[in-house]
Amino acid sequence: MAVGPSINHVDTLRGAIRSIKASLRQDQLARLDEQLTAEQKKLSQQWISAECQEKFKMFCSRGGEW
């Protein structure tokens, strides 16, 4: 009478999880440059906006405190 999953079954599941994690890591690394470039473009657009520049001037005029 089996009480829980067999050791072989558990080892198979662990191997499957490791394989899935490795695949996800590879996919994330493959898309990293694209994601970083998009984030850089987004941040550049925000930093040059009039609103951001005004808030930055206010921040500096207060000695770096909000």
# chains A, B, ... in the order shown; residues from 1 in each chain; ligands from 1
>>> select_by_dssp(residues="chain A", states="helix (DSSP H, G or I)", output="MDAnalysis selection string")
chainID A and resid 7:47 50:61
